[in-house]
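J.: Got a structure for you, protein19.cif, holding mmCIF, C-alpha atoms.
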```cif
data_input
#
loop_
_atom_site.group_PDB
_atom_site.id
_atom_site.type_symbol
_atom_site.label_atom_id
_atom_site.label_comp_id
_atom_site.auth_asym_id
_atom_site.auth_seq_id
_atom_site.Cartn_x
_atom_site.Cartn_y
_atom_site.Cartn_z
ATOM 1 C CA MET A 16 9.122 -50.894 -28.060
ATOM 2 C CA SER A 17 11.521 -47.969 -27.803
ATOM 3 C CA ASP A 18 10.919 -44.713 -25.977
ATOM 4 C CA ASP A 19 10.364 -42.888 -29.251
ATOM 5 C CA ASP A 20 7.580 -45.292 -30.236
ATOM 6 C CA GLN A 21 5.851 -44.826 -26.885
ATOM 7 C CA ARG A 22 5.917 -41.053 -27.246
ATOM 8 C CA ASP A 23 4.331 -41.301 -30.672
ATOM 9 C CA GLN A 24 1.434 -43.381 -29.346
ATOM 10 C CA THR A 25 0.477 -41.217 -26.404
ATOM 11 C CA PRO A 26 -2.519 -39.022 -27.061
ATOM 12 C CA ALA A 27 -1.739 -35.401 -27.698
ATOM 13 C CA GLU A 28 -2.555 -32.991 -24.931
ATOM 14 C CA PRO A 29 -5.473 -30.747 -25.679
ATOM 15 C CA ALA A 30 -4.342 -27.444 -27.124
ATOM 16 C CA ALA A 31 -4.486 -24.584 -24.715
ATOM 17 C CA GLN A 32 -7.448 -22.456 -25.535
ATOM 18 C CA ALA A 33 -6.821 -18.856 -26.387
ATOM 19 C CA PRO A 34 -8.198 -16.472 -23.788
ATOM 20 C CA ALA A 35 -11.702 -15.419 -24.617
ATOM 21 C CA ALA A 36 -12.290 -11.921 -25.834
ATOM 22 C CA PRO A 37 -13.241 -9.640 -22.967
ATOM 23 C CA ALA A 38 -16.945 -9.021 -22.562
ATOM 24 C CA GLY A 39 -16.610 -5.277 -22.516
ATOM 25 C CA PRO A 40 -13.955 -2.667 -21.948
ATOM 26 C CA GLU A 41 -11.079 -3.421 -19.600
ATOM 27 C CA PRO A 42 -10.034 -0.900 -16.921
ATOM 28 C CA GLU A 43 -6.667 0.787 -17.352
ATOM 29 C CA PRO A 44 -4.207 -0.188 -14.608
ATOM 30 C CA ILE A 45 -2.756 2.503 -12.363
ATOM 31 C CA PRO A 46 0.889 2.189 -11.287
ATOM 32 C CA PHE A 47 1.190 0.578 -7.813
ATOM 33 C CA PHE A 48 -2.553 -0.261 -7.854
ATOM 34 C CA GLY A 49 -3.166 -2.290 -11.006
ATOM 35 C CA THR A 50 -6.914 -2.579 -11.469
ATOM 36 C CA THR A 51 -7.765 -2.800 -7.760
ATOM 37 C CA TRP A 52 -9.115 0.758 -8.001
ATOM 38 C CA VAL A 53 -12.231 -0.470 -9.829
ATOM 39 C CA ASN A 54 -13.788 -2.282 -6.859
ATOM 40 C CA HIS A 55 -11.405 -1.034 -4.133
ATOM 41 C CA ASP A 56 -10.337 -4.603 -3.392
ATOM 42 C CA GLY A 57 -7.046 -6.477 -3.211
ATOM 43 C CA GLY A 58 -5.444 -4.283 -0.570
ATOM 44 C CA TYR A 59 -6.449 -0.991 -2.194
ATOM 45 C CA ALA A 60 -6.599 0.982 1.074
ATOM 46 C CA LEU A 61 -3.295 -0.455 2.252
ATOM 47 C CA ARG A 62 -1.659 0.447 -1.048
ATOM 48 C CA ARG A 63 -2.975 4.002 -0.820
ATOM 49 C CA ALA A 64 -1.631 4.351 2.710
ATOM 50 C CA ALA A 65 1.734 2.872 1.717
ATOM 51 C CA LEU A 66 2.026 5.159 -1.308
ATOM 52 C CA ALA A 67 1.149 8.201 0.799
ATOM 53 C CA ALA A 68 3.692 7.274 3.467
ATOM 54 C CA GLY A 69 6.343 6.418 0.882
ATOM 55 C CA SER A 70 5.928 9.676 -1.006
ATOM 56 C CA LEU A 71 6.010 11.705 2.221
ATOM 57 C CA VAL A 72 9.133 9.927 3.493
ATOM 58 C CA THR A 73 10.813 10.396 0.116
ATOM 59 C CA ALA A 74 9.887 14.097 0.035
ATOM 60 C CA VAL A 75 11.295 14.611 3.540
ATOM 61 C CA ALA A 76 14.503 12.765 2.620
ATOM 62 C CA ALA A 77 14.832 14.893 -0.521
ATOM 63 C CA ALA A 78 14.316 18.067 1.502
ATOM 64 C CA VAL A 79 17.064 16.990 3.910
ATOM 65 C CA LEU A 80 19.342 16.273 0.961
ATOM 66 C CA LEU A 81 18.626 19.714 -0.498
ATOM 67 C CA ARG A 82 19.325 21.283 2.895
ATOM 68 C CA LEU A 83 22.713 19.538 3.011
ATOM 69 C CA SER A 84 23.426 20.787 -0.500
ATOM 70 C CA TYR A 85 22.562 24.329 0.542
ATOM 71 C CA GLU A 86 24.865 24.044 3.537
ATOM 72 C CA GLY A 87 27.586 22.923 1.136
ATOM 73 C CA LEU A 88 27.058 26.133 -0.816
ATOM 74 C CA GLU A 89 27.370 28.130 2.410
ATOM 75 C CA ILE A 90 30.584 26.328 3.343
ATOM 76 C CA GLY A 91 31.950 27.020 -0.137
ATOM 77 C CA ASN A 92 31.319 30.769 0.277
ATOM 78 C CA VAL A 93 29.704 31.084 -3.156
ATOM 79 C CA GLY A 94 27.982 34.295 -2.211
ATOM 80 C CA PRO A 95 24.439 35.245 -1.317
ATOM 81 C CA PHE A 96 23.267 35.660 -4.933
ATOM 82 C CA LEU A 97 23.931 32.023 -5.877
ATOM 83 C CA SER A 98 22.592 30.704 -2.574
ATOM 84 C CA ILE A 99 19.326 32.628 -2.935
ATOM 85 C CA SER A 100 19.090 31.705 -6.630
ATOM 86 C CA VAL A 101 19.309 27.988 -5.813
ATOM 87 C CA VAL A 102 16.583 28.237 -3.173
ATOM 88 C CA VAL A 103 14.291 30.228 -5.495
ATOM 89 C CA LEU A 104 14.949 27.824 -8.401
ATOM 90 C CA PHE A 105 13.968 24.777 -6.337
ATOM 91 C CA ALA A 106 10.916 26.561 -4.913
ATOM 92 C CA ILE A 107 9.620 27.571 -8.367
ATOM 93 C CA ALA A 108 10.420 24.180 -9.887
ATOM 94 C CA SER A 109 8.635 22.407 -7.016
ATOM 95 C CA ALA A 110 5.566 24.625 -7.369
ATOM 96 C CA ILE A 111 5.382 23.981 -11.129
ATOM 97 C CA ALA A 112 5.923 20.242 -10.644
ATOM 98 C CA PHE A 113 3.187 20.152 -7.996
ATOM 99 C CA ALA A 114 0.706 21.970 -10.267
ATOM 100 C CA LYS A 115 1.488 19.832 -13.325
ATOM 101 C CA THR A 116 1.353 16.587 -11.374
ATOM 102 C CA TRP A 117 -1.933 17.570 -9.707
ATOM 103 C CA ASP A 118 -3.447 18.473 -13.108
ATOM 104 C CA ALA A 119 -2.261 15.186 -14.589
ATOM 105 C CA PHE A 120 -4.463 13.339 -12.073
ATOM 106 C CA SER A 121 -7.639 14.928 -13.461
ATOM 107 C CA ARG A 122 -7.024 15.227 -17.208
ATOM 108 C CA ARG A 123 -4.818 13.739 -19.862
ATOM 109 C CA PRO A 124 -2.302 16.099 -21.465
ATOM 110 C CA ALA A 125 -2.938 17.177 -25.029
ATOM 111 C CA PRO A 126 -0.706 15.475 -27.611
ATOM 112 C CA SER A 127 0.953 18.776 -28.489
ATOM 113 C CA SER A 128 1.263 20.017 -24.920
ATOM 114 C CA ASP A 129 4.353 21.336 -23.231
ATOM 115 C CA GLU A 130 4.735 18.300 -20.947
ATOM 116 C CA ALA A 131 7.886 17.117 -22.729
ATOM 117 C CA ALA A 132 9.449 20.572 -22.453
ATOM 118 C CA LEU A 133 8.737 20.717 -18.718
ATOM 119 C CA LYS A 134 10.120 17.259 -17.981
ATOM 120 C CA GLY A 135 13.491 18.627 -16.818
ATOM 121 C CA LEU A 136 11.835 21.268 -14.674
ATOM 122 C CA LYS A 137 9.609 18.620 -13.100
ATOM 123 C CA MET A 138 12.693 16.527 -12.331
ATOM 124 C CA ILE A 139 14.288 19.454 -10.533
ATOM 125 C CA GLY A 140 11.078 20.116 -8.597
ATOM 126 C CA PHE A 141 10.453 16.459 -7.780
ATOM 127 C CA ILE A 142 9.565 17.357 -4.194
ATOM 128 C CA GLY A 143 6.439 19.098 -5.493
ATOM 129 C CA SER A 144 5.433 15.952 -7.397
ATOM 130 C CA LEU A 145 5.951 13.813 -4.300
ATOM 131 C CA ILE A 146 3.812 16.150 -2.213
ATOM 132 C CA ALA A 147 1.084 16.037 -4.887
ATOM 133 C CA TYR A 148 1.125 12.220 -4.704
ATOM 134 C CA PHE A 149 0.963 12.371 -0.916
ATOM 135 C CA LEU A 150 -2.020 14.725 -0.876
ATOM 136 C CA ARG A 151 -3.901 12.880 -3.658
ATOM 137 C CA CYS A 152 -3.629 9.594 -1.779
ATOM 138 C CA PHE A 153 -5.940 11.007 0.901
ATOM 139 C CA PHE A 154 -8.788 11.199 -1.632
ATOM 140 C CA GLU A 155 -8.129 8.396 -4.131
ATOM 141 C CA ALA A 156 -5.438 6.523 -5.972
ATOM 142 C CA PRO A 157 -3.527 9.073 -8.060
ATOM 143 C CA GLY A 158 -5.364 9.275 -11.380
ATOM 144 C CA GLU A 159 -8.325 7.152 -10.273
ATOM 145 C CA LYS A 160 -10.972 9.803 -10.926
ATOM 146 C CA LEU A 161 -9.830 10.272 -14.525
ATOM 147 C CA ARG A 162 -9.577 6.556 -15.259
ATOM 148 C CA ARG A 163 -12.913 5.827 -13.537
ATOM 149 C CA ALA A 164 -14.698 8.439 -15.664
ATOM 150 C CA GLU A 165 -13.127 7.023 -18.838
ATOM 151 C CA TYR A 166 -13.923 3.443 -17.809
ATOM 152 C CA GLU A 167 -17.543 4.197 -16.888
ATOM 153 C CA ARG A 168 -17.995 6.075 -20.181
ATOM 154 C CA ALA A 169 -16.559 3.105 -22.102
ATOM 155 C CA VAL A 170 -18.800 0.655 -20.210
ATOM 156 C CA SER A 171 -21.926 2.732 -20.880
ATOM 157 C CA GLU A 172 -21.032 3.105 -24.573
ATOM 158 C CA PHE A 173 -20.423 -0.645 -24.797
ATOM 159 C CA ALA A 174 -23.784 -1.361 -23.141
ATOM 160 C CA ARG A 175 -25.524 1.105 -25.455
ATOM 161 C CA ARG A 176 -23.959 -0.497 -28.540
ATOM 162 C CA ARG A 177 -24.873 -3.990 -27.327
ATOM 163 C CA SER A 178 -28.461 -3.063 -26.469
ATOM 164 C CA THR A 179 -29.284 -1.435 -29.813
ATOM 165 C CA ARG A 180 -28.811 -4.676 -31.675
ATOM 166 C CA THR A 181 -32.265 -6.105 -32.341
ATOM 167 C CA GLY A 182 -31.741 -9.216 -34.348
ATOM 168 C CA ASN A 183 -30.819 -10.013 -37.905
ATOM 169 C CA PRO A 184 -30.613 -6.817 -40.001
ATOM 170 C CA ALA A 185 -31.216 -8.820 -43.192
ATOM 171 C CA ALA A 186 -34.616 -9.919 -41.896
ATOM 172 C CA ARG A 187 -35.878 -6.357 -41.442
ATOM 173 C CA ARG A 188 -38.575 -5.043 -43.652
ATOM 174 C CA PRO A 189 -37.602 -2.324 -46.060
ATOM 175 C CA LYS A 190 -38.708 1.179 -45.209
ATOM 176 C CA ARG A 191 -41.807 2.462 -46.969
ATOM 177 C CA LYS A 192 -41.321 5.094 -49.577
ATOM 178 C CA LYS A 193 -43.434 8.192 -49.328
#
```
Go through the file and emit its structure as structure tokens.

T.:
Amino acid sequence: MSDDDQRDQTPAEPAAQAPAAPAGPEPEPIPFFGTTWVNHDGGYALRRAALAAGSLVTAVAAAVLLRLSYEGLEIGNVGPFLSISVVVLFAIASAIAFAKTWDAFSRRPAPSSDEAALKGLKMIGFIGSLIAYFLRCFFEAPGEKLRRAEYERAVSEFARRRSTRTGNPAARRPKRKK
């Protein structure tokens, strides 16, 4: 018997079953946390601490880099107007980025919002976004409150829909006419 004949006679492996449909809504993963925010398991506290430390270290490094850039402007003798303008620009951009990032943790932006228009400004003021991440990590994973409220609402709606089913609708008696 050849190898080909032996392969034809071996029983076929059982087909891999498709994953079952989820029994309810699934939580939305958060970057760096996945779905560990639901039950605060899987190293959730360690991840929060690491994200807080990482964002603070990155913000400090960015501030040092901006300080070196400012010193480069001073060495270049560009004048006080440009030097002050750069400092004010970064301060305003950081404040706007902080406010927009902080708001994004508690509500989703509207589809027609100005988030796309402010993307460049938020990139310039990235230090503000990093500080917002750092401060939010003391309370929760960034965006956890919003996703938890949405998830709990979806779970309660799913439970309500499942509980209102009372058997076969075809077997119900017709309503009496008045």

J.: Identify, on the basis of all atoms listed in the file, every residue whose closest approach to Phe47 (chain A) does not exceed 9 Å; exclude the query and any residue fewer than 6 positions from it along the same chain; express the result as a PDB file with C-alpha atoms, in the coordinates of the input.

T.:
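part04.pdb, written as the output of this step:
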```pdb
ATOM      1  CA  ARG A  62      -1.659   0.447  -1.048  1.00  0.00           C
ATOM      2  CA  ARG A  63      -2.975   4.002  -0.820  1.00  0.00           C
ATOM      3  CA  LEU A  66       2.026   5.159  -1.308  1.00  0.00           C
TER       4      LEU A  66
END
```

J.: Show which residues sit within 9 Å of Leu136 (chain A), as a list in words. Count all atoms listed in the file, and ignore same-chain residues fewer than 6 positions away.

T.: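 Final neighbour list, sorted by chain and number: Ala108, Ser109, Ile111 and Ala112 of chain A.
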
J.: Would you mind exporting C-alpha atoms of the selected residues as a short mmCIF file (atom, residue, chain, number, x, y, z; two decimals), in the frame of the given file?

T.:
```
data_model
loop_
_atom_site.label_atom_id
_atom_site.label_comp_id
_atom_site.auth_asym_id
_atom_site.auth_seq_id
_atom_site.Cartn_x
_atom_site.Cartn_y
_atom_site.Cartn_z
CA ALA A 108 10.42 24.18 -9.89
CA SER A 109 8.64 22.41 -7.02
CA ILE A 111 5.38 23.98 -11.13
CA ALA A 112 5.92 20.24 -10.64
#
```

J.: Would you mind telling me which residue in A:Phe105, A:Phe48, A:Tyr85, A:Trp117 lies nearest to Ile139 (chain A) when using only C-alpha atoms?

T.: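 With only C-alpha atoms as the atom set, the closest residue is A:Phe105.
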
J.: Determine, counting only C-alpha atoms, which protein, DNA and RNA residues have an atom within 9 Å of an atom of Ser144 (chain A); residues of the same chain fewer than 3 positions away are not included. Present the result as a list in words.

T.: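 The filter keeps Ser70, Ala74, Ser109, Ala110, Ile111, Ala112, Phe113, Ala114, Lys115, Thr116, Trp117, Lys137, Met138, Gly140, Phe141, Ala147, Tyr148 and Phe149 of chain A.
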
J.: What residues come out when you apply the PyMOL selection byres ((chain A and resi 96-103) around 10) to this file, written as a list in words?

T.: Leu81, Arg82, Ser84, Tyr85, Glu86, Gly87, Leu88, Glu89, Asn92, Val93, Gly94, Pro95, Leu104, Phe105, Ala106, Ile107, Ala108 and Ser109 of chain A
